[in-house]
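Structure below is structure05.cif: mmCIF, C-alpha atoms.
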```cif
data_model
loop_
_atom_site.label_atom_id
_atom_site.label_comp_id
_atom_site.auth_asym_id
_atom_site.auth_seq_id
_atom_site.Cartn_x
_atom_site.Cartn_y
_atom_site.Cartn_z
CA MET A 16 12.20 -31.05 -25.49
CA LEU A 17 8.61 -31.55 -24.50
CA PHE A 18 7.62 -28.17 -25.89
CA PHE A 19 9.04 -28.89 -29.35
CA LYS A 20 7.34 -32.26 -29.48
CA ARG A 21 4.04 -30.54 -28.79
CA ARG A 22 4.51 -28.16 -31.67
CA ALA A 23 5.17 -31.03 -34.04
CA GLN A 24 1.92 -32.81 -33.18
CA PRO A 25 -1.42 -32.23 -34.89
CA ARG A 26 -3.66 -29.46 -33.63
CA HIS A 27 -6.22 -31.71 -31.97
CA SER A 28 -3.43 -33.63 -30.19
CA VAL A 29 -1.94 -30.41 -28.81
CA TRP A 30 -5.32 -29.32 -27.51
CA HIS A 31 -6.06 -32.74 -25.98
CA GLU A 32 -2.74 -33.00 -24.15
CA SER A 33 -3.03 -29.37 -23.06
CA MET A 34 -6.36 -30.11 -21.43
CA GLN A 35 -4.92 -33.23 -19.77
CA LEU A 36 -2.10 -31.12 -18.37
CA SER A 37 -4.68 -28.59 -17.22
CA GLN A 38 -6.56 -31.26 -15.29
CA TRP A 39 -3.37 -32.64 -13.81
CA LEU A 40 -2.35 -29.21 -12.56
CA GLY A 41 -5.72 -28.57 -10.97
CA PHE A 42 -6.05 -25.41 -13.11
CA GLY A 43 -6.60 -22.97 -10.35
CA ALA A 44 -5.58 -24.39 -7.00
CA THR A 45 -3.55 -21.28 -6.27
CA GLU A 46 -2.35 -22.03 -2.76
CA LEU A 47 0.59 -20.12 -1.38
CA PRO A 48 3.87 -21.91 -2.01
CA GLU A 49 6.51 -22.52 0.59
CA LEU A 50 9.24 -20.04 -0.19
CA PRO A 51 12.90 -20.49 0.64
CA GLU A 52 14.33 -18.49 3.47
CA LEU A 53 14.58 -14.87 2.45
CA ASN A 54 16.46 -11.93 3.84
CA THR A 55 13.58 -10.08 5.45
CA ALA A 56 15.53 -6.90 6.21
CA PRO A 57 13.64 -4.44 4.01
CA LEU A 58 15.37 -1.93 1.82
CA LEU A 59 13.70 1.11 3.31
CA ASP A 60 13.76 4.60 1.96
CA PRO A 61 16.22 6.51 4.22
CA THR A 62 13.92 9.54 4.11
CA ARG A 63 11.03 7.65 5.70
CA ALA A 64 12.05 8.48 9.28
CA PHE A 65 11.78 12.17 8.36
CA ASP A 66 8.63 11.87 6.25
CA VAL A 67 6.29 13.85 8.50
CA CYS A 68 4.03 15.00 5.66
CA HIS A 69 1.07 12.96 6.88
CA VAL A 70 -2.04 14.29 8.58
CA GLY A 71 -2.10 11.50 11.14
CA LEU A 72 1.51 12.03 12.18
CA VAL A 73 1.07 15.81 12.45
CA LEU A 74 -2.01 15.35 14.63
CA ARG A 75 -0.16 12.95 16.94
CA ALA A 76 2.79 15.31 17.29
CA VAL A 77 0.62 18.36 18.00
CA LEU A 78 -1.59 16.53 20.49
CA GLY A 79 1.44 15.06 22.27
CA VAL A 80 3.10 18.46 22.70
CA GLN A 81 -0.17 20.06 23.80
CA LEU A 82 -0.67 17.33 26.39
CA LEU A 83 2.81 17.96 27.84
CA LEU A 84 2.11 21.70 27.89
CA ALA A 85 -1.21 21.22 29.69
CA LEU A 86 0.38 18.94 32.29
CA GLY A 87 3.27 21.34 32.88
CA ALA A 88 0.93 24.30 33.24
CA ALA A 89 -1.21 22.34 35.71
CA VAL A 90 1.84 21.79 37.94
CA VAL A 91 2.63 25.50 38.35
CA ALA A 92 -0.92 26.96 38.18
CA LYS A 93 -2.67 28.00 41.39
CA ASP A 94 -6.17 27.47 40.07
CA ALA A 95 -8.11 26.57 36.92
CA SER A 96 -8.26 30.11 35.56
CA GLN A 97 -4.49 30.51 35.81
CA TRP A 98 -4.05 27.08 34.21
CA LEU A 99 -6.23 28.16 31.27
CA ALA A 100 -4.26 31.40 30.87
CA LEU A 101 -0.89 29.60 30.97
CA THR A 102 -2.08 26.93 28.55
CA ALA A 103 -3.49 29.51 26.12
CA ASN A 104 -0.27 31.54 26.10
CA GLY A 105 1.85 28.44 25.82
CA THR A 106 -0.23 27.16 22.91
CA VAL A 107 0.79 30.18 20.82
CA VAL A 108 4.43 29.25 21.29
CA THR A 109 4.13 25.47 20.99
CA MET A 110 1.80 25.43 17.99
CA PHE A 111 4.03 27.80 16.03
CA ALA A 112 7.16 25.88 17.05
CA VAL A 113 5.80 22.39 16.33
CA LEU A 114 4.14 23.22 13.02
CA SER A 115 7.11 25.19 11.71
CA TRP A 116 9.46 22.35 12.77
CA LEU A 117 7.33 19.69 11.07
CA LEU A 118 6.98 21.80 7.92
CA THR A 119 10.74 22.35 7.67
CA VAL A 120 11.53 18.69 8.34
CA CYS A 121 9.01 17.62 5.70
CA ALA A 122 10.32 20.09 3.10
CA ALA A 123 13.93 18.94 3.60
CA LYS A 124 13.26 15.24 4.29
CA ARG A 125 15.83 14.19 1.68
CA LEU A 126 18.51 16.37 3.25
CA TRP A 127 18.51 15.00 6.80
CA PRO A 128 19.55 11.38 5.95
CA ARG A 129 22.69 12.75 4.26
CA LEU A 130 23.90 14.23 7.53
CA PRO A 131 25.78 12.17 10.13
CA GLU A 132 23.74 11.12 13.15
CA PRO A 133 25.17 13.79 15.51
CA ALA A 134 24.62 16.47 12.89
CA GLN A 135 20.98 15.41 12.50
CA TRP A 136 20.33 15.81 16.19
CA ALA A 137 22.20 19.13 16.40
CA ALA A 138 20.50 20.64 13.36
CA LEU A 139 16.97 19.57 14.28
CA MET A 140 17.36 20.59 17.94
CA ALA A 141 18.61 23.99 16.80
CA LEU A 142 15.62 24.19 14.48
CA GLY A 143 13.34 23.44 17.45
CA ALA A 144 14.99 26.21 19.49
CA VAL A 145 14.54 28.71 16.66
CA GLY A 146 10.90 27.72 16.24
CA ALA A 147 10.20 28.12 19.96
CA LEU A 148 11.90 31.52 20.06
CA SER A 149 9.94 32.64 17.00
CA GLY A 150 6.69 31.57 18.63
CA PHE A 151 7.67 33.37 21.84
CA ALA A 152 8.50 36.52 19.85
CA LEU A 153 5.02 36.33 18.33
CA LEU A 154 3.50 36.08 21.81
CA SER A 155 5.67 38.94 23.11
CA LEU A 156 4.09 41.36 20.62
CA THR A 157 1.21 41.76 23.06
CA SER A 158 3.52 42.44 26.02
CA GLU A 159 5.32 45.70 26.77
CA GLU A 160 7.85 44.11 29.13
CA PRO A 161 11.02 42.93 27.33
CA PRO A 162 11.98 39.30 28.08
CA GLY A 163 15.12 38.62 30.08
CA LEU A 164 18.01 36.41 29.10
CA TRP A 165 16.82 33.66 31.46
CA ARG A 166 13.41 33.56 29.78
CA ILE A 167 14.95 33.51 26.31
CA GLY A 168 17.37 30.74 27.27
CA SER A 169 14.65 28.64 28.89
CA ILE A 170 12.39 28.99 25.85
CA ALA A 171 15.23 27.94 23.53
CA ALA A 172 16.05 24.98 25.77
CA CYS A 173 12.41 23.88 25.80
CA GLY A 174 12.24 24.12 22.02
CA ALA A 175 15.44 22.09 21.59
CA SER A 176 14.24 19.47 24.10
CA GLY A 177 10.86 19.20 22.37
CA ALA A 178 12.59 18.77 19.01
CA ALA A 179 14.77 16.04 20.49
CA LEU A 180 11.71 14.22 21.80
CA LEU A 181 9.99 14.46 18.41
CA LEU A 182 13.09 13.24 16.59
CA ALA A 183 13.50 10.33 19.00
CA TRP A 184 9.82 9.42 18.47
CA LEU A 185 10.21 9.53 14.68
CA LYS A 186 13.27 7.30 14.75
CA LEU A 187 11.62 4.87 17.18
CA ARG A 188 8.50 4.80 14.99
CA GLU A 189 10.59 4.01 11.91
CA HIS A 190 12.48 1.20 13.66
CA THR A 191 9.31 -0.39 15.06
CA GLN A 192 7.75 -0.40 11.59
CA ARG A 193 10.64 -2.32 10.03
CA PRO A 194 9.46 -5.79 11.15
CA ALA A 195 5.92 -5.01 9.95
CA ASP A 196 7.29 -3.73 6.65
CA ALA A 197 9.47 -6.81 6.25
CA LEU A 198 6.48 -9.08 6.88
CA ALA A 199 4.37 -7.08 4.43
CA GLN A 200 7.03 -7.48 1.73
CA LEU A 201 7.34 -11.22 2.39
CA VAL A 202 3.56 -11.72 2.28
CA GLU A 203 3.48 -9.64 -0.89
CA LEU A 204 5.95 -12.04 -2.51
CA GLN A 205 3.94 -15.03 -1.34
CA SER A 206 0.66 -13.57 -2.56
CA ARG A 207 1.87 -12.66 -6.03
CA ILE A 208 4.20 -15.54 -6.97
CA ARG A 209 1.74 -18.36 -7.55
CA PRO A 210 3.24 -21.21 -9.61
CA HIS A 211 -0.16 -22.65 -10.52
CA PHE A 212 -1.20 -19.37 -12.12
CA LEU A 213 1.98 -19.43 -14.18
CA PHE A 214 1.38 -23.05 -15.20
CA ASN A 215 -2.24 -22.35 -16.09
CA THR A 216 -1.29 -19.35 -18.20
CA LEU A 217 1.48 -21.17 -20.04
CA ASN A 218 -0.86 -24.11 -20.55
CA SER A 219 -3.45 -21.80 -22.09
CA ALA A 220 -0.81 -20.24 -24.35
CA ILE A 221 0.39 -23.69 -25.48
CA ALA A 222 -3.18 -24.65 -26.31
CA LEU A 223 -3.65 -21.46 -28.31
CA VAL A 224 -0.38 -21.61 -30.27
CA GLN A 225 -1.87 -23.81 -33.00
CA VAL A 226 -5.47 -22.60 -32.72
CA ASP A 227 -5.01 -18.82 -32.37
CA PRO A 228 -1.34 -17.73 -32.45
CA ALA A 229 -2.17 -14.02 -32.13
CA ARG A 230 -4.16 -14.62 -28.99
CA ALA A 231 -1.42 -16.84 -27.56
CA GLU A 232 1.08 -14.03 -28.14
CA SER A 233 -1.26 -11.59 -26.36
CA VAL A 234 -1.53 -13.94 -23.37
CA LEU A 235 2.25 -14.23 -23.11
CA GLU A 236 2.65 -10.45 -23.36
CA ASP A 237 0.17 -9.97 -20.52
CA LEU A 238 2.02 -12.58 -18.46
CA ALA A 239 5.38 -10.91 -19.12
CA GLU A 240 3.98 -7.55 -18.00
CA LEU A 241 2.60 -9.08 -14.80
CA PHE A 242 5.96 -10.59 -13.90
CA ARG A 243 7.82 -7.44 -14.87
CA VAL A 244 5.82 -5.53 -12.28
CA ALA A 245 6.04 -8.38 -9.76
CA LEU A 246 9.84 -8.31 -9.91
CA ALA A 247 10.10 -4.52 -9.86
CA ASP A 248 11.13 -2.46 -6.84
CA SER A 249 8.26 -2.78 -4.39
CA SER A 250 9.28 0.35 -2.46
CA ALA A 251 8.14 2.70 -5.21
CA SER A 252 4.59 3.90 -5.70
CA VAL A 253 2.58 3.76 -8.92
CA THR A 254 -0.50 5.51 -10.23
CA LEU A 255 -3.95 4.00 -9.93
CA GLY A 256 -4.17 4.10 -13.72
CA GLU A 257 -1.16 1.79 -13.99
CA GLU A 258 -2.72 -0.57 -11.45
CA ILE A 259 -5.97 -0.63 -13.43
CA GLU A 260 -4.07 -1.53 -16.60
CA LEU A 261 -2.25 -4.34 -14.79
CA ALA A 262 -5.54 -5.67 -13.40
CA ARG A 263 -6.97 -5.63 -16.94
CA ARG A 264 -4.06 -7.75 -18.15
CA TYR A 265 -4.52 -10.24 -15.32
CA LEU A 266 -8.25 -10.54 -15.96
CA ALA A 267 -7.63 -10.92 -19.70
CA ILE A 268 -5.50 -13.97 -18.91
CA GLU A 269 -8.15 -15.38 -16.59
CA GLN A 270 -10.79 -14.73 -19.26
CA ILE A 271 -9.02 -17.32 -21.44
CA ARG A 272 -9.42 -19.83 -18.65
CA PHE A 273 -12.99 -19.12 -17.55
CA GLY A 274 -14.56 -17.75 -20.73
CA LYS A 275 -18.13 -16.56 -20.23
CA ARG A 276 -18.07 -17.69 -16.60
CA LEU A 277 -16.02 -14.60 -15.75
CA ARG A 278 -18.05 -11.42 -16.23
CA VAL A 279 -16.11 -8.22 -15.54
CA ILE A 280 -17.75 -4.79 -15.25
CA TRP A 281 -15.63 -1.63 -15.20
CA HIS A 282 -16.77 1.78 -13.92
CA LEU A 283 -13.66 3.93 -14.14
CA ASP A 284 -13.24 7.64 -13.44
CA PRO A 285 -10.30 9.07 -15.46
CA GLU A 286 -9.82 11.79 -12.83
CA ALA A 287 -8.92 9.11 -10.27
CA ASP A 288 -6.04 7.64 -12.30
CA ALA A 289 -3.44 10.03 -10.85
CA ALA A 290 -3.78 8.75 -7.26
CA ARG A 291 -0.60 7.15 -5.89
CA VAL A 292 -0.88 3.61 -4.52
CA PRO A 293 1.55 0.79 -3.64
CA PRO A 294 2.47 -1.45 -6.60
CA LEU A 295 0.46 -4.62 -7.14
CA LEU A 296 -2.40 -3.32 -5.01
CA LEU A 297 -5.34 -4.33 -7.21
CA GLN A 298 -4.04 -7.56 -8.76
CA PRO A 299 -4.17 -9.63 -5.53
CA LEU A 300 -7.66 -8.27 -4.83
CA VAL A 301 -9.12 -9.15 -8.23
CA GLU A 302 -7.32 -12.50 -8.04
CA ASN A 303 -9.07 -13.17 -4.74
CA ALA A 304 -12.39 -12.19 -6.31
CA VAL A 305 -11.85 -14.64 -9.19
CA ARG A 306 -10.64 -17.37 -6.89
CA HIS A 307 -13.52 -17.13 -4.41
CA GLY A 308 -16.33 -15.70 -6.52
CA VAL A 309 -15.92 -17.31 -9.95
CA GLU A 310 -13.78 -20.43 -9.77
CA PRO A 311 -15.96 -22.57 -7.43
CA ASN A 312 -19.26 -21.78 -9.22
CA ASP A 313 -20.42 -23.65 -12.29
CA GLU A 314 -22.28 -20.54 -13.48
CA GLY A 315 -19.28 -18.32 -12.81
CA GLY A 316 -19.73 -14.90 -11.30
CA GLU A 317 -19.49 -11.17 -11.74
CA LEU A 318 -16.61 -8.90 -10.79
CA GLU A 319 -17.18 -5.16 -10.67
CA VAL A 320 -14.32 -2.65 -10.38
CA THR A 321 -15.18 1.00 -9.72
CA THR A 322 -12.96 4.05 -9.27
CA GLN A 323 -14.30 7.50 -8.47
CA ARG A 324 -12.80 10.79 -7.39
CA HIS A 325 -14.38 12.67 -4.49
CA GLY A 326 -12.59 15.99 -4.14
CA ALA A 327 -9.09 15.31 -2.79
CA GLU A 328 -9.78 11.59 -2.29
CA VAL A 329 -10.21 8.60 -4.57
CA GLU A 330 -12.52 5.68 -3.84
CA ILE A 331 -11.85 2.18 -5.22
CA ARG A 332 -14.53 -0.51 -5.00
CA ILE A 333 -14.11 -4.18 -5.91
CA VAL A 334 -17.29 -6.25 -5.67
CA ASN A 335 -17.72 -9.89 -6.60
CA THR A 336 -20.65 -12.27 -6.35
CA VAL A 337 -20.45 -15.20 -3.93
CA GLY A 338 -21.91 -18.64 -4.54
CA ALA A 339 -20.37 -21.98 -3.66
CA PRO A 340 -17.50 -22.09 -1.16
CA ALA A 341 -14.03 -21.64 -2.60
CA LEU A 342 -12.15 -24.76 -3.65
CA THR A 343 -9.28 -23.81 -1.36
CA VAL A 344 -9.57 -22.08 1.99
CA GLY A 345 -8.04 -18.62 2.02
CA HIS A 346 -5.96 -17.21 4.85
CA GLY A 347 -6.66 -13.51 4.26
CA LEU A 348 -2.98 -12.82 3.52
CA ALA A 349 -3.67 -10.70 0.46
CA LEU A 350 -6.20 -8.54 2.31
CA ARG A 351 -3.91 -8.03 5.29
CA ASN A 352 -1.04 -7.27 2.94
CA VAL A 353 -3.01 -4.58 1.11
CA ARG A 354 -4.20 -3.01 4.36
CA GLN A 355 -0.65 -2.98 5.76
CA ARG A 356 0.89 -1.41 2.67
CA LEU A 357 -1.81 1.25 2.48
CA LYS A 358 -1.18 2.14 6.11
CA LEU A 359 2.57 2.34 5.58
CA MET A 360 2.15 4.62 2.57
CA HIS A 361 -0.76 6.89 3.52
CA ASP A 362 -1.19 6.36 7.30
CA VAL A 363 -4.64 7.49 8.49
CA ALA A 364 -5.37 9.18 5.14
CA ALA A 365 -6.16 5.72 3.67
CA ARG A 366 -9.17 3.52 4.45
CA PHE A 367 -9.81 -0.16 3.82
CA ASP A 368 -13.32 -1.50 4.48
CA ILE A 369 -14.89 -4.90 3.89
CA ASP A 370 -18.62 -5.49 3.38
CA ALA A 371 -19.47 -9.18 3.14
CA SER A 372 -22.88 -10.81 2.71
CA PRO A 373 -24.05 -14.30 1.66
CA THR A 374 -24.33 -13.18 -1.99
CA ARG A 375 -21.60 -10.57 -2.44
CA PHE A 376 -18.19 -9.54 -1.16
CA ALA A 377 -17.22 -5.87 -1.44
CA LEU A 378 -13.93 -4.07 -0.77
CA ARG A 379 -13.76 -0.32 -0.46
CA LEU A 380 -10.42 1.49 -0.53
CA GLN A 381 -9.95 5.22 -0.08
CA VAL A 382 -6.66 7.00 -0.80
CA PRO A 383 -5.65 10.66 -1.08
CA LEU A 384 -5.24 12.15 -4.53
#
```
Let me see the file written as structure tokens.
Amino acid sequence: MLFFKRRAQPRHSVWHESMQLSQWLGFGATELPELPELNTAPLLDPTRAFDVCHVGLVLRAVLGVQLLLALGAAVVAKDASQWLALTANGTVVTMFAVLSWLLTVCAAKRLWPRLPEPAQWAALMALGAVGALSGFALLSLTSEEPPGLWRIGSIAACGASGAALLLAWLKLREHTQRPADALAQLVELQSRIRPHFLFNTLNSAIALVQVDPARAESVLEDLAELFRVALADSSASVTLGEEIELARRYLAIEQIRFGKRLRVIWHLDPEADAARVPPLLLQPLVENAVRHGVEPNDEGGELEVTTQRHGAEVEIRIVNTVGAPALTVGHGLALRNVRQRLKLMHDVAARFDIDASPTRFALRLQVPL
């Protein structure tokens, strides 16, 4: 009812009441709302426990197996030279077995969750035994003495046991990440559903309906796109180009509110648009920049967004000027959320650095292409 009464009033009355509503709402006090109790059990991708296609995970697996090999060789070796010889020979077997096992698990990561739990263990332990025997066969090419059945059986048993240890570690790693993933999803909801931003945007659209209907329609389209993405499946990944377009829409809405006080500079590399990132990665970051770098300053501020490809990596930089203290104290939830989601998606292949000074605040993100 209130909306239709507004449309029936003269243009100057609509604008005046819109500005009064803007002042009453605070027009920018975007504190995190108290959300109702949510089911924090995340809907995880069932293939994630078997997603070993990450450099950091491969390095941990290889170093762990090599450490066990070195310790075992040290137990049976008589001296350092024999220990080096045993470790060198064992490395041929273990490296071939571990890398071939990880490669096969990665290639068929969508197959393993379809198998029952006992079948997963049996298949992957058998795969470990085959990998160890293949590595031992490679080592035996330099030996003229044929291996006995005891040696072959012990090598297969070691390979199966090593595969069981790796599988147990992967499953334990996936279970321990569930609480962190649930918290990241909850913080993501809290950081992106800000009622005051919705009120401010609708208020701006109401004010523009009589003055500039086309611009009001554009504002509402941008708002609808933001909420479409906000309510989409957060487990999927998106391209950096899509994130840039979403950030443009958000800043276009904020440009209505701040006018010339918000000065946005874009330096975009088209070759970086194909990089995969978590959804709603940039919007909370540019929102923080507006909230802390533009909103509290009478003169406004500058926001610079840069993307650049460096070989197989993409660098994202978000820099904003800093003046007066923010009107509301931040808790760093958006930054921690972004860092957590980058780690969950890209592990050690992603970087998140902060460079703060009295006059500027810079974020640097690095993701694989």
Next item on the list: Mind giving me the straight-line distance from CA of Ile170 in chain A to CA of Val108 in chain A in Å, one decimal?
Entry: 9.2 Å
Next item on the list: Report the distance between CA of Arg125 in chain A and CA of Leu78 in chain A in Å, rounded to one decimal place.
Entry: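 CA of Leu78 in chain A lies 25.7 Å from CA of Arg125 in chain A.
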Check: Please, which residues are within 12 Å of (-9.2, -15.3, -20.4) by the file's coordinates, counting all atoms listed in the file, and could they come as a VMD selection string?
Finding: chain A and resid 215 to 216 219 to 220 223 230 to 231 233 to 235 237 to 238 263 to 279 305
Notebook entry, point to check: Taking only C-alpha atoms into account, which of A:Pro128, A:Gly143, A:Pro162, A:Pro311 comes nearest Ser176 in chain A?
Noted result: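 Of A:Pro128, A:Gly143, A:Pro162, A:Pro311, the one nearest Ser176 in chain A, counting only C-alpha atoms, is A:Gly143.
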Margin query: Which polymer residues, whether protein, DNA or RNA, lie within 10 Å of the coordinate (-0.6, 27.3, 31.5) when you count all atoms listed in the file? List them as a count of residues only, using the chain letters and numbers from the file.
Written below: 21
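The list of residues with at least one atom within 8 Å of range 372-383 of chain A, based on all atoms listed in the file and without residues fewer than 5 positions apart in the same chain, reads Ala290, Arg291, Val292, Ala327, Glu328, Val329, Glu330, Ile331, Arg332, Ile333, Val334, Asn335, Thr336, Val337, Gly338, His361, Ala364, Ala365, Arg366 and Phe367 of chain A.
Of the listed residues A:Val145, A:Val320, A:Trp136, A:Ile259, the one whose atoms come nearest to Ala172 in chain A is A:Val145, with distances taken using all atoms listed in the file.
Residues captured in this structure file are A:Arg276, A:His307, A:Gly308, A:Val309, A:Glu310, A:Pro311, A:Asp313, A:Glu314, A:Gly315, A:Gly316, A:Val337, A:Gly338, A:Ala339, A:Pro340, A:Ala341, according to the PyMOL selection byres ((chain A and resi 312) around 9).
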Keeping C-alpha atoms for every residue in the selection just given, could you write it to a file as a short mmCIF file (atom, residue, chain, number, x, y, z; two decimals), in the coordinates of the input?
```cif
data_model
loop_
_atom_site.label_atom_id
_atom_site.label_comp_id
_atom_site.auth_asym_id
_atom_site.auth_seq_id
_atom_site.Cartn_x
_atom_site.Cartn_y
_atom_site.Cartn_z
CA ARG A 276 -18.07 -17.69 -16.60
CA HIS A 307 -13.52 -17.13 -4.41
CA GLY A 308 -16.33 -15.70 -6.52
CA VAL A 309 -15.92 -17.31 -9.95
CA GLU A 310 -13.78 -20.43 -9.77
CA PRO A 311 -15.96 -22.57 -7.43
CA ASP A 313 -20.42 -23.65 -12.29
CA GLU A 314 -22.28 -20.54 -13.48
CA GLY A 315 -19.28 -18.32 -12.81
CA GLY A 316 -19.73 -14.90 -11.30
CA VAL A 337 -20.45 -15.20 -3.93
CA GLY A 338 -21.91 -18.64 -4.54
CA ALA A 339 -20.37 -21.98 -3.66
CA PRO A 340 -17.50 -22.09 -1.16
CA ALA A 341 -14.03 -21.64 -2.60
#
```
Next item on the list: On this file, the PyMOL selection byres ((chain A and resi 124) around 12) gives some set of residues; write that set as a VMD selection string.
Entry: chain A and resid 60 to 68 116 to 123 125 to 130 135 139
Check: Given the file above and the PyMOL selection byres ((chain A and resi 356) around 9), which residues are selected, and can you give them as a ChimeraX atom specification?
Finding: /A:196,199-200,292-293,296,351-355,357-361
Checklist line | Interatomic distance (Å, one decimal) between CA of Leu180 in chain A and CA of Leu83 in chain A | finding: 11.4 Å
Test item: axis-aligned box, all listed atoms of range 113-119 of chain A, 6 Å on each side, centre and edges in Å rounded to one decimal, as JSON:
```
{"center_x": 7.4, "center_y": 22.4, "center_z": 12.0, "size_x": 18.6, "size_y": 17.5, "size_z": 20.7}
```
